[in-house]
$ cat my_file.cif   # mmCIF, C-alpha atoms and all ligand atoms
data_query
loop_
_atom_site.group_PDB
_atom_site.id
_atom_site.type_symbol
_atom_site.label_atom_id
_atom_site.label_comp_id
_atom_site.auth_asym_id
_atom_site.auth_seq_id
_atom_site.Cartn_x
_atom_site.Cartn_y
_atom_site.Cartn_z
ATOM 1 C CA MET A 772 22.272 25.256 -19.421
ATOM 2 C CA PRO A 773 19.660 24.312 -16.814
ATOM 3 C CA ASP A 774 21.062 22.972 -13.567
ATOM 4 C CA GLU A 775 20.351 19.244 -13.647
ATOM 5 C CA THR A 776 21.816 18.549 -10.207
ATOM 6 C CA PRO A 777 19.118 16.915 -8.096
ATOM 7 C CA LYS A 778 18.173 19.212 -5.236
ATOM 8 C CA LEU A 779 18.762 17.813 -1.786
ATOM 9 C CA PRO A 780 15.842 18.189 0.611
ATOM 10 C CA VAL A 781 15.736 20.871 3.266
ATOM 11 C CA GLY A 782 13.779 19.934 6.368
ATOM 12 C CA ARG A 783 13.095 21.957 9.459
ATOM 13 C CA PHE A 784 11.855 21.895 13.002
ATOM 14 C CA ALA A 785 9.968 24.943 14.206
ATOM 15 C CA PRO A 786 9.085 24.831 17.903
ATOM 16 C CA SER A 787 7.254 27.627 19.673
ATOM 17 C CA PRO A 788 9.072 28.564 22.899
ATOM 18 C CA THR A 789 5.932 28.291 25.006
ATOM 19 C CA GLY A 790 7.335 25.524 27.192
ATOM 20 C CA ALA A 791 10.023 22.869 27.365
ATOM 21 C CA LEU A 792 10.168 20.217 24.643
ATOM 22 C CA HIS A 793 7.586 17.487 25.045
ATOM 23 C CA THR A 794 7.798 13.936 23.773
ATOM 24 C CA GLY A 795 5.434 14.568 20.858
ATOM 25 C CA SER A 796 7.651 17.378 19.602
ATOM 26 C CA LEU A 797 10.715 15.225 20.147
ATOM 27 C CA ALA A 798 9.136 12.522 17.966
ATOM 28 C CA THR A 799 8.378 15.100 15.275
ATOM 29 C CA ALA A 800 11.897 16.492 15.480
ATOM 30 C CA VAL A 801 13.397 13.010 15.150
ATOM 31 C CA ALA A 802 11.131 12.128 12.189
ATOM 32 C CA SER A 803 11.896 15.355 10.396
ATOM 33 C CA TRP A 804 15.641 15.094 11.115
ATOM 34 C CA LEU A 805 15.731 11.519 9.813
ATOM 35 C CA MET A 806 13.703 12.293 6.717
ATOM 36 C CA ALA A 807 16.022 15.119 5.712
ATOM 37 C CA ARG A 808 19.296 13.489 6.745
ATOM 38 C CA SER A 809 18.497 10.072 5.243
ATOM 39 C CA ALA A 810 18.251 11.786 1.853
ATOM 40 C CA GLY A 811 21.500 13.692 2.436
ATOM 41 C CA GLY A 812 19.584 16.901 3.069
ATOM 42 C CA ARG A 813 19.860 19.809 5.452
ATOM 43 C CA TRP A 814 17.869 20.323 8.618
ATOM 44 C CA LEU A 815 17.079 23.787 9.899
ATOM 45 C CA LEU A 816 15.897 25.041 13.253
ATOM 46 C CA ARG A 817 13.499 27.934 13.561
ATOM 47 C CA ILE A 818 12.099 29.384 16.758
ATOM 48 C CA ASP A 819 8.490 30.439 16.236
ATOM 49 C CA ASP A 820 8.495 33.377 18.604
ATOM 50 C CA LEU A 821 5.885 35.731 17.189
ATOM 51 C CA ASP A 822 3.266 35.144 19.825
ATOM 52 C CA ALA A 823 4.944 37.109 22.620
ATOM 53 C CA PRO A 824 2.338 36.644 25.397
ATOM 54 C CA ARG A 825 2.487 32.835 25.143
ATOM 55 C CA GLN A 826 6.271 32.628 25.323
ATOM 56 C CA VAL A 827 8.100 31.519 28.421
ATOM 57 C CA PRO A 828 11.524 33.132 28.935
ATOM 58 C CA GLY A 829 14.439 30.746 28.528
ATOM 59 C CA MET A 830 12.435 28.086 26.689
ATOM 60 C CA ALA A 831 14.054 28.620 23.273
ATOM 61 C CA ASP A 832 17.457 27.832 24.829
ATOM 62 C CA ASP A 833 15.984 24.962 26.792
ATOM 63 C CA ILE A 834 14.543 23.404 23.618
ATOM 64 C CA MET A 835 17.850 23.816 21.781
ATOM 65 C CA GLN A 836 19.751 22.175 24.632
ATOM 66 C CA THR A 837 17.329 19.253 24.614
ATOM 67 C CA LEU A 838 17.753 18.785 20.862
ATOM 68 C CA GLU A 839 21.524 18.818 21.306
ATOM 69 C CA LEU A 840 21.240 16.300 24.123
ATOM 70 C CA PHE A 841 19.664 13.888 21.643
ATOM 71 C CA GLY A 842 22.246 14.599 18.938
ATOM 72 C CA LEU A 843 19.719 16.360 16.717
ATOM 73 C CA CYS A 844 22.128 18.884 15.242
ATOM 74 C CA TRP A 845 20.893 21.527 12.841
ATOM 75 C CA ASP A 846 22.561 23.319 9.954
ATOM 76 C CA GLY A 847 23.487 26.979 9.982
ATOM 77 C CA GLN A 848 22.098 29.681 12.212
ATOM 78 C CA VAL A 849 18.904 29.249 14.168
ATOM 79 C CA SER A 850 16.283 31.542 12.644
ATOM 80 C CA ARG A 851 13.674 33.383 14.643
ATOM 81 C CA GLN A 852 10.332 34.573 13.402
ATOM 82 C CA SER A 853 10.749 37.784 15.382
ATOM 83 C CA SER A 854 13.623 38.719 13.018
ATOM 84 C CA ASN A 855 11.491 38.241 9.910
ATOM 85 C CA ARG A 856 8.914 40.973 10.367
ATOM 86 C CA GLU A 857 10.073 42.966 7.341
ATOM 87 C CA ALA A 858 9.691 39.947 5.073
ATOM 88 C CA TYR A 859 6.220 39.294 6.510
ATOM 89 C CA ARG A 860 5.198 42.875 5.743
ATOM 90 C CA HIS A 861 6.431 42.452 2.166
ATOM 91 C CA TYR A 862 4.445 39.260 1.594
ATOM 92 C CA PHE A 863 1.399 40.692 3.336
ATOM 93 C CA SER A 864 1.480 43.583 0.827
ATOM 94 C CA LYS A 865 1.767 41.087 -2.020
ATOM 95 C CA LEU A 866 -1.229 39.240 -0.650
ATOM 96 C CA CYS A 867 -3.141 42.541 -0.467
ATOM 97 C CA GLU A 868 -2.401 43.098 -4.169
ATOM 98 C CA THR A 869 -4.631 40.108 -4.939
ATOM 99 C CA GLY A 870 -7.585 42.153 -3.651
ATOM 100 C CA LEU A 871 -8.554 39.311 -1.351
ATOM 101 C CA VAL A 872 -7.469 40.837 1.975
ATOM 102 C CA TYR A 873 -9.898 42.976 3.971
ATOM 103 C CA PRO A 874 -9.983 44.549 7.417
ATOM 104 C CA CYS A 875 -12.314 42.990 9.946
ATOM 105 C CA GLY A 876 -13.780 44.524 13.087
ATOM 106 C CA CYS A 877 -15.308 41.370 14.591
ATOM 107 C CA SER A 878 -14.220 40.077 17.975
ATOM 108 C CA ARG A 879 -13.766 36.369 18.679
ATOM 109 C CA ARG A 880 -16.847 36.465 20.841
ATOM 110 C CA GLU A 881 -19.005 37.909 18.076
ATOM 111 C CA ILE A 882 -17.738 35.288 15.649
ATOM 112 C CA ALA A 883 -18.357 32.465 18.133
ATOM 113 C CA GLN A 884 -21.874 33.745 18.739
ATOM 114 C CA SER A 885 -22.696 33.935 15.048
ATOM 115 C CA ALA A 886 -21.181 30.557 14.148
ATOM 116 C CA SER A 887 -23.983 28.350 12.869
ATOM 117 C CA ALA A 888 -22.202 25.069 13.477
ATOM 118 C CA PRO A 889 -20.210 23.757 16.408
ATOM 119 C CA HIS A 890 -16.573 24.421 15.814
ATOM 120 C CA PRO A 891 -13.416 22.531 16.628
ATOM 121 C CA ASP A 892 -12.017 24.756 19.368
ATOM 122 C CA ASP A 893 -8.404 23.797 18.675
ATOM 123 C CA ASP A 894 -8.478 25.088 15.150
ATOM 124 C CA CYS A 895 -10.790 27.902 14.147
ATOM 125 C CA ILE A 896 -14.244 29.301 14.474
ATOM 126 C CA PRO A 897 -15.807 29.461 10.998
ATOM 127 C CA TYR A 898 -15.974 33.136 10.088
ATOM 128 C CA PRO A 899 -19.387 34.077 8.690
ATOM 129 C CA GLY A 900 -18.004 36.821 6.418
ATOM 130 C CA THR A 901 -19.533 39.758 8.321
ATOM 131 C CA CYS A 902 -16.921 42.310 7.181
ATOM 132 C CA ARG A 903 -16.412 41.013 3.646
ATOM 133 C CA CYS A 904 -18.146 44.026 2.158
ATOM 134 C CA GLY A 905 -16.886 46.535 4.714
ATOM 135 C CA MET A 906 -16.694 47.049 8.440
ATOM 136 C CA ARG A 907 -19.642 48.303 10.410
ATOM 137 C CA THR A 908 -19.350 51.977 11.306
ATOM 138 C CA GLY A 909 -17.860 52.609 14.699
ATOM 139 C CA THR A 910 -15.804 49.400 14.765
ATOM 140 C CA THR A 911 -12.001 49.289 14.795
ATOM 141 C CA VAL A 912 -9.740 46.941 12.863
ATOM 142 C CA ARG A 913 -9.173 43.777 14.872
ATOM 143 C CA SER A 914 -7.617 41.741 12.074
ATOM 144 C CA TRP A 915 -7.035 41.438 8.361
ATOM 145 C CA ARG A 916 -8.664 38.443 6.761
ATOM 146 C CA LEU A 917 -7.979 36.591 3.552
ATOM 147 C CA ARG A 918 -11.040 35.829 1.502
ATOM 148 C CA VAL A 919 -11.315 32.149 0.587
ATOM 149 C CA PRO A 920 -13.237 30.668 -2.341
ATOM 150 C CA ASP A 921 -16.005 28.130 -1.870
ATOM 151 C CA GLU A 922 -13.634 25.423 -2.928
ATOM 152 C CA GLN A 923 -11.662 22.540 -1.585
ATOM 153 C CA ALA A 924 -7.978 23.087 -0.996
ATOM 154 C CA CYS A 925 -6.141 19.818 -1.520
ATOM 155 C CA PHE A 926 -2.608 18.607 -1.086
ATOM 156 C CA HIS A 927 -0.866 15.287 -0.970
ATOM 157 C CA ASP A 928 0.528 14.371 2.423
ATOM 158 C CA LEU A 929 3.419 11.941 2.275
ATOM 159 C CA HIS A 930 1.979 9.950 5.157
ATOM 160 C CA LYS A 931 -1.758 10.608 5.077
ATOM 161 C CA GLY A 932 -2.351 10.680 1.324
ATOM 162 C CA MET A 933 -4.673 13.191 -0.334
ATOM 163 C CA ILE A 934 -6.105 15.703 2.121
ATOM 164 C CA CYS A 935 -8.876 18.067 1.061
ATOM 165 C CA GLN A 936 -10.585 20.742 3.083
ATOM 166 C CA ASP A 937 -13.554 22.933 2.297
ATOM 167 C CA LEU A 938 -11.896 26.282 2.955
ATOM 168 C CA GLY A 939 -15.144 28.231 3.230
ATOM 169 C CA GLY A 940 -16.892 25.705 5.471
ATOM 170 C CA ARG A 941 -14.038 24.894 7.808
ATOM 171 C CA CYS A 942 -12.702 28.327 8.752
ATOM 172 C CA GLY A 943 -14.022 30.786 6.215
ATOM 173 C CA ASP A 944 -11.982 33.915 5.521
ATOM 174 C CA PHE A 945 -9.075 33.568 7.906
ATOM 175 C CA VAL A 946 -6.779 35.988 9.718
ATOM 176 C CA VAL A 947 -3.448 36.781 8.059
ATOM 177 C CA ARG A 948 -2.602 39.808 10.163
ATOM 178 C CA ARG A 949 -3.703 40.689 13.652
ATOM 179 C CA GLY A 950 -5.056 44.012 14.785
ATOM 180 C CA ASP A 951 -1.763 44.839 16.537
ATOM 181 C CA GLY A 952 0.025 44.464 13.197
ATOM 182 C CA GLU A 953 1.594 41.067 13.941
ATOM 183 C CA ILE A 954 1.445 38.577 11.075
ATOM 184 C CA ALA A 955 -0.647 35.502 11.783
ATOM 185 C CA TYR A 956 0.815 32.013 11.977
ATOM 186 C CA GLN A 957 -0.646 30.805 8.652
ATOM 187 C CA LEU A 958 1.122 33.475 6.616
ATOM 188 C CA ALA A 959 4.285 33.610 8.715
ATOM 189 C CA VAL A 960 5.147 29.905 8.340
ATOM 190 C CA VAL A 961 4.571 30.016 4.589
ATOM 191 C CA VAL A 962 6.963 32.964 4.298
ATOM 192 C CA ASP A 963 9.546 31.408 6.647
ATOM 193 C CA ASP A 964 9.602 28.088 4.818
ATOM 194 C CA HIS A 965 9.884 29.864 1.484
ATOM 195 C CA LEU A 966 12.707 32.186 2.577
ATOM 196 C CA THR A 967 14.775 29.364 4.012
ATOM 197 C CA GLY A 968 14.243 27.071 1.012
ATOM 198 C CA VAL A 969 12.440 24.418 3.046
ATOM 199 C CA THR A 970 11.232 21.560 0.842
ATOM 200 C CA GLN A 971 10.004 19.143 3.544
ATOM 201 C CA VAL A 972 7.622 19.995 6.339
ATOM 202 C CA VAL A 973 7.361 17.152 8.824
ATOM 203 C CA ARG A 974 5.220 18.063 11.830
ATOM 204 C CA GLY A 975 2.545 16.784 14.185
ATOM 205 C CA GLU A 976 -0.880 15.931 12.811
ATOM 206 C CA ASP A 977 -2.436 18.498 15.135
ATOM 207 C CA LEU A 978 -1.295 21.000 12.483
ATOM 208 C CA LEU A 979 -2.873 19.102 9.594
ATOM 209 C CA PRO A 980 -6.064 21.242 9.566
ATOM 210 C CA SER A 981 -3.914 24.365 9.040
ATOM 211 C CA THR A 982 -2.095 23.063 6.000
ATOM 212 C CA PRO A 983 -4.865 23.643 3.414
ATOM 213 C CA ARG A 984 -4.860 27.332 4.378
ATOM 214 C CA GLN A 985 -1.095 27.464 3.976
ATOM 215 C CA VAL A 986 -1.330 25.723 0.612
ATOM 216 C CA TYR A 987 -3.927 28.287 -0.449
ATOM 217 C CA ILE A 988 -1.588 31.156 0.508
ATOM 218 C CA GLN A 989 1.315 29.540 -1.367
ATOM 219 C CA GLY A 990 -0.864 29.349 -4.478
ATOM 220 C CA LEU A 991 -1.830 33.032 -4.258
ATOM 221 C CA LEU A 992 1.788 34.137 -3.742
ATOM 222 C CA GLY A 993 3.146 31.781 -6.414
ATOM 223 C CA LEU A 994 5.438 30.031 -3.924
ATOM 224 C CA GLU A 995 6.658 26.494 -4.243
ATOM 225 C CA ARG A 996 4.875 23.980 -2.058
ATOM 226 C CA PRO A 997 7.020 21.833 0.227
ATOM 227 C CA VAL A 998 6.353 18.142 0.700
ATOM 228 C CA TYR A 999 4.160 17.721 3.786
ATOM 229 C CA CYS A 1000 4.249 14.809 6.182
ATOM 230 C CA HIS A 1001 2.072 14.917 9.298
ATOM 231 C CA ILE A 1002 3.004 12.525 12.083
ATOM 232 C CA PRO A 1003 0.485 11.004 14.549
ATOM 233 C CA LEU A 1004 0.744 12.284 18.092
ATOM 234 C CA VAL A 1005 2.217 10.700 21.170
ATOM 235 C CA THR A 1006 -0.628 10.027 23.603
ATOM 236 C CA GLY A 1007 -1.240 8.653 27.067
ATOM 237 C CA PRO A 1008 -2.828 5.235 27.721
ATOM 238 C CA GLY A 1009 -5.760 4.460 25.428
ATOM 239 C CA GLY A 1010 -5.112 7.496 23.245
ATOM 240 C CA ALA A 1011 -5.727 9.968 26.098
ATOM 241 C CA LYS A 1012 -4.267 13.424 25.723
ATOM 242 C CA LEU A 1013 -1.114 13.730 27.804
ATOM 243 C CA SER A 1014 -0.889 16.383 30.441
ATOM 244 C CA LYS A 1015 1.759 18.982 29.761
ATOM 245 C CA ARG A 1016 3.896 17.916 32.679
ATOM 246 C CA ASP A 1017 3.779 14.155 32.065
ATOM 247 C CA ASN A 1018 4.611 14.767 28.459
ATOM 248 C CA LEU A 1019 7.820 16.703 29.016
ATOM 249 C CA VAL A 1020 11.027 15.129 27.781
ATOM 250 C CA SER A 1021 12.666 16.105 31.071
ATOM 251 C CA HIS A 1022 9.911 14.292 32.992
ATOM 252 C CA HIS A 1023 10.520 11.112 30.979
ATOM 253 C CA LEU A 1024 14.246 11.354 31.444
ATOM 254 C CA GLY A 1025 13.762 11.714 35.178
ATOM 255 C CA ASN A 1026 16.765 10.160 36.853
ATOM 256 C CA TRP A 1027 18.044 8.866 33.579
ATOM 257 C CA ARG A 1028 20.206 11.855 32.731
ATOM 258 C CA GLY A 1029 22.941 10.594 30.459
ATOM 259 C CA LYS A 1030 20.746 7.775 29.189
ATOM 260 C CA GLU A 1031 18.784 9.711 26.578
ATOM 261 C CA GLY A 1032 19.413 6.840 24.170
ATOM 262 C CA TYR A 1033 16.630 4.838 25.854
ATOM 263 C CA LEU A 1034 14.110 7.556 25.170
ATOM 264 C CA LEU A 1035 15.408 7.971 21.636
ATOM 265 C CA LEU A 1036 14.918 4.246 21.018
ATOM 266 C CA ALA A 1037 11.351 4.539 22.339
ATOM 267 C CA VAL A 1038 10.748 7.406 19.922
ATOM 268 C CA LEU A 1039 12.106 5.331 17.029
ATOM 269 C CA ARG A 1040 9.826 2.448 18.035
ATOM 270 C CA PHE A 1041 6.899 4.885 18.155
ATOM 271 C CA LEU A 1042 7.878 6.038 14.645
ATOM 272 C CA GLY A 1043 7.655 2.442 13.434
ATOM 273 C CA GLN A 1044 11.348 2.157 12.673
ATOM 274 C CA GLY A 1045 12.845 -1.321 13.077
ATOM 275 C CA LEU A 1046 15.603 -1.482 15.643
ATOM 276 C CA PRO A 1047 18.649 -3.669 15.614
ATOM 277 C CA HIS A 1048 19.478 -5.791 18.634
ATOM 278 C CA GLY A 1049 22.148 -4.523 20.948
ATOM 279 C CA MET A 1050 21.350 -0.820 20.666
ATOM 280 C CA SER A 1051 20.023 -0.648 24.195
ATOM 281 C CA GLY A 1052 22.254 1.673 26.176
ATOM 282 C CA ALA A 1053 23.972 3.094 23.099
ATOM 283 C CA PRO A 1054 24.586 6.864 22.920
ATOM 284 C CA CYS A 1055 22.242 8.993 20.821
ATOM 285 C CA ASP A 1056 24.685 9.777 18.022
ATOM 286 C CA GLU A 1057 25.291 6.070 17.463
ATOM 287 C CA ILE A 1058 21.560 5.341 17.414
ATOM 288 C CA LEU A 1059 20.935 8.201 14.999
ATOM 289 C CA ARG A 1060 23.782 7.095 12.737
ATOM 290 C CA TRP A 1061 22.156 3.720 12.511
ATOM 291 C CA ALA A 1062 18.601 5.077 12.148
ATOM 292 C CA VAL A 1063 19.483 7.496 9.384
ATOM 293 C CA GLY A 1064 20.802 4.635 7.298
ATOM 294 C CA CYS A 1065 17.540 2.719 7.320
ATOM 295 C CA PHE A 1066 14.842 5.337 7.848
ATOM 296 C CA ASP A 1067 11.617 4.200 6.233
ATOM 297 C CA ALA A 1068 8.831 6.773 5.929
ATOM 298 C CA THR A 1069 6.353 4.072 4.899
ATOM 299 C CA SER A 1070 6.657 2.537 8.378
ATOM 300 C CA LEU A 1071 5.444 5.618 10.231
ATOM 301 C CA PRO A 1072 2.452 4.710 12.434
ATOM 302 C CA ALA A 1073 -1.078 5.154 11.132
ATOM 303 C CA ILE A 1074 -2.340 6.354 14.470
ATOM 304 C CA GLY A 1075 -0.765 7.863 17.553
ATOM 305 C CA GLY A 1076 -0.063 6.023 20.762
ATOM 306 C CA GLU A 1077 2.070 5.790 23.835
ATOM 307 C CA LEU A 1078 5.810 5.868 24.000
ATOM 308 C CA ALA A 1079 6.796 2.396 25.157
ATOM 309 C CA ILE A 1080 9.895 3.075 27.217
HETATM 310 N N1 LIG B 1 5.591 26.505 15.842
HETATM 311 C C1 LIG B 1 4.549 25.569 15.582
HETATM 312 C C2 LIG B 1 4.293 24.736 16.822
HETATM 313 O O1 LIG B 1 5.169 24.605 17.665
HETATM 314 C C3 LIG B 1 4.862 24.637 14.441
HETATM 315 C C4 LIG B 1 4.907 25.330 13.140
HETATM 316 C C5 LIG B 1 5.029 24.419 11.965
HETATM 317 O O2 LIG B 1 5.591 23.320 12.087
HETATM 318 O O3 LIG B 1 4.599 24.815 10.908
HETATM 319 O O4 LIG B 1 3.211 24.196 16.970
#

$ encode --input "my_file.cif" --output "structure tokens"
Amino acid sequence: MPDETPKLPVGRFAPSPTGALHTGSLATAVASWLMARSAGGRWLLRIDDLDAPRQVPGMADDIMQTLELFGLCWDGQVSRQSSNREAYRHYFSKLCETGLVYPCGCSRREIAQSASAPHPDDDCIPYPGTCRCGMRTGTTVRSWRLRVPDEQACFHDLHKGMICQDLGGRCGDFVVRRGDGEIAYQLAVVVDDHLTGVTQVVRGEDLLPSTPRQVYIQGLLGLERPVYCHIPLVTGPGGAKLSKRDNLVSHHLGNWRGKEGYLLLAVLRFLGQGLPHGMSGAPCDEILRWAVGCFDATSLPAIGGELAI
């Protein structure tokens, strides 16, 4: 008999240990925790530690301690991308079986020089397809790219609605494995979320442009697509980008150690969640207990803004 039991959601938070937790990530962590917990689901923690040169020693522990400070407890063991390399290799081989993966000898500089249109520097430089039909003689493999069709990749975002991206025009054939053998972010997160049974991906909207590529990979590998929800970013005054330092949770806490509840309430206000009177000064676990009971995803803000502390 088919199992009719409704599946409880599995959410996750996946910080990269490149620095201490900042307020934007805290807001994302809170939103994702509440979305999973309010539906009785599980919440997992994964440390995205594949990009060794960008990591700062001790930051994974620092991030975990900060999450604990706010009462954001996770289920089970913390997973680490660096322990998943065998699984990545397996799924990379599966992707190669589609015939759509090819080695590429182009450097970033060459791609930037040949790009016909200005490119959003935070995302990708559109790849002109130079090595699609083979690498030039004398060049070495710098990456493996996944060929994309001249089509839109679309998905429904819980918060933003239907999102479509022209895969060919935006990034072109994109990197799934680097020259040094390390699996690229786009493929790694798809594999991680699949292996851990994640059904809800709640993350900052800075990652929204990556999602169509991840959805494309899921389709090729026949993997289930999680529900996506991209949250607007915490900004400085007037929407200005916050400096790294000013944005750190520890900077905001300042002398307030032991009064994290105030910052948590500010995060909940930022997330559009109504707050009861009398919560000011309450400990985090009490605030979270209350917030989980009345979390409303439809109240998430349309645009980012400041944390009003
Ligand atoms: N590790 C990524 C980051 O910190 C997030 C990955 C994801 O949520 O898919 O930006």

$ closest_residue --input "my_file.cif" --among "A:Asp928, A:Glu976, A:Glu839, A:Glu953" --to "ligand LIG 1 (chain B)" --atoms "all atoms listed in the file"
A:Glu976

$ residues_around --input "my_file.cif" --residues "Arg879 in chain A" --least-positions-apart "6" --cutoff "12 Å" --atoms "all atoms listed in the file" --output "list in words"
Ser885, Ala886, Asp892, Cys895, Ile896, Pro897, Tyr898, Pro899, Arg913, Ser914 and Val946 of chain A

$ write_last_selection --input "my_file.cif" --atoms "C-alpha atoms" --output "compact mmCIF listing (two decimals), in the coordinates of the input"
# COMPACT_ATOMS: atom_id res chain seq x y z
CA SER A 885 -22.70 33.94 15.05
CA ALA A 886 -21.18 30.56 14.15
CA ASP A 892 -12.02 24.76 19.37
CA CYS A 895 -10.79 27.90 14.15
CA ILE A 896 -14.24 29.30 14.47
CA PRO A 897 -15.81 29.46 11.00
CA TYR A 898 -15.97 33.14 10.09
CA PRO A 899 -19.39 34.08 8.69
CA ARG A 913 -9.17 43.78 14.87
CA SER A 914 -7.62 41.74 12.07
CA VAL A 946 -6.78 35.99 9.72

$ atom_distance --input "my_file.cif" --atom1 "CA of Leu1036 in chain A" --atom2 "CA of Ser803 in chain A"
15.7 Å

$ resolve_selection --input "my_file.cif" --expression "the PyMOL selection byres (((chain A and resi 1073) around 9) and not hetatm)" --output "PyMOL selection string"
chain A and resi 930-931+1002-1003+1070-1072+1074-1075

$ resolve_selection --input "my_file.cif" --expression "the PyMOL selection byres (((not hetatm)) within 10 of (chain B and resi 1))" --output "NGL selection string"
:A and (783-790 or 792 or 796 or 799-800 or 817-822 or 852 or 956-957 or 959-961 or 963-964 or 972-979 or 981-982 or 985 or 1001)

$ decode --input "my_file.cif" --residues "range 821-827 of chain A" --atoms "all heavy atoms" --output "mmCIF file, in the first residue's frame"
data_model
loop_
_atom_site.group_PDB
_atom_site.id
_atom_site.type_symbol
_atom_site.label_atom_id
_atom_site.label_comp_id
_atom_site.auth_asym_id
_atom_site.auth_seq_id
_atom_site.Cartn_x
_atom_site.Cartn_y
_atom_site.Cartn_z
ATOM 1 N N LEU A 821 33.430 23.938 0.783
ATOM 2 C CA LEU A 821 34.204 23.421 -0.359
ATOM 3 C C LEU A 821 35.259 24.392 -0.844
ATOM 4 O O LEU A 821 36.298 24.003 -1.351
ATOM 5 C CB LEU A 821 33.263 23.117 -1.532
ATOM 6 C CG LEU A 821 32.622 21.734 -1.593
ATOM 7 C CD1 LEU A 821 31.998 21.511 -2.953
ATOM 8 C CD2 LEU A 821 33.610 20.628 -1.260
ATOM 9 N N ASP A 822 34.969 25.677 -0.673
ATOM 10 C CA ASP A 822 35.857 26.684 -1.237
ATOM 11 C C ASP A 822 36.961 27.023 -0.231
ATOM 12 O O ASP A 822 36.919 28.056 0.440
ATOM 13 C CB ASP A 822 35.007 27.925 -1.582
ATOM 14 C CG ASP A 822 35.710 28.820 -2.574
ATOM 15 O OD1 ASP A 822 36.866 28.517 -2.930
ATOM 16 O OD2 ASP A 822 35.103 29.828 -2.983
ATOM 17 N N ALA A 823 37.951 26.139 -0.154
ATOM 18 C CA ALA A 823 38.974 26.239 0.903
ATOM 19 C C ALA A 823 39.637 27.620 1.006
ATOM 20 O O ALA A 823 39.756 28.155 2.118
ATOM 21 C CB ALA A 823 40.005 25.143 0.719
ATOM 22 N N PRO A 824 40.084 28.229 -0.090
ATOM 23 C CA PRO A 824 40.809 29.502 0.065
ATOM 24 C C PRO A 824 39.984 30.617 0.702
ATOM 25 O O PRO A 824 40.531 31.544 1.289
ATOM 26 C CB PRO A 824 41.177 29.881 -1.382
ATOM 27 C CG PRO A 824 40.976 28.660 -2.190
ATOM 28 C CD PRO A 824 39.993 27.801 -1.479
ATOM 29 N N ARG A 825 38.674 30.566 0.590
ATOM 30 C CA ARG A 825 37.837 31.654 1.130
ATOM 31 C C ARG A 825 37.444 31.420 2.584
ATOM 32 O O ARG A 825 36.829 32.268 3.215
ATOM 33 C CB ARG A 825 36.583 31.833 0.263
ATOM 34 C CG ARG A 825 36.900 32.398 -1.125
ATOM 35 C CD ARG A 825 35.648 32.690 -1.912
ATOM 36 N NE ARG A 825 34.740 33.596 -1.224
ATOM 37 C CZ ARG A 825 33.443 33.363 -1.048
ATOM 38 N NH1 ARG A 825 32.899 32.250 -1.475
ATOM 39 N NH2 ARG A 825 32.682 34.237 -0.425
ATOM 40 N N GLN A 826 37.783 30.238 3.112
ATOM 41 C CA GLN A 826 37.360 29.943 4.482
ATOM 42 C C GLN A 826 38.251 30.598 5.528
ATOM 43 O O GLN A 826 39.439 30.742 5.313
ATOM 44 C CB GLN A 826 37.383 28.437 4.695
ATOM 45 C CG GLN A 826 36.205 27.776 4.030
ATOM 46 C CD GLN A 826 36.283 26.292 4.132
ATOM 47 O OE1 GLN A 826 36.481 25.761 5.205
ATOM 48 N NE2 GLN A 826 36.144 25.637 3.004
ATOM 49 N N VAL A 827 37.646 30.940 6.634
ATOM 50 C CA VAL A 827 38.415 31.518 7.735
ATOM 51 C C VAL A 827 38.359 30.505 8.892
ATOM 52 O O VAL A 827 37.267 30.110 9.308
ATOM 53 C CB VAL A 827 37.806 32.870 8.172
ATOM 54 C CG1 VAL A 827 38.602 33.476 9.315
ATOM 55 C CG2 VAL A 827 37.726 33.825 6.985
#
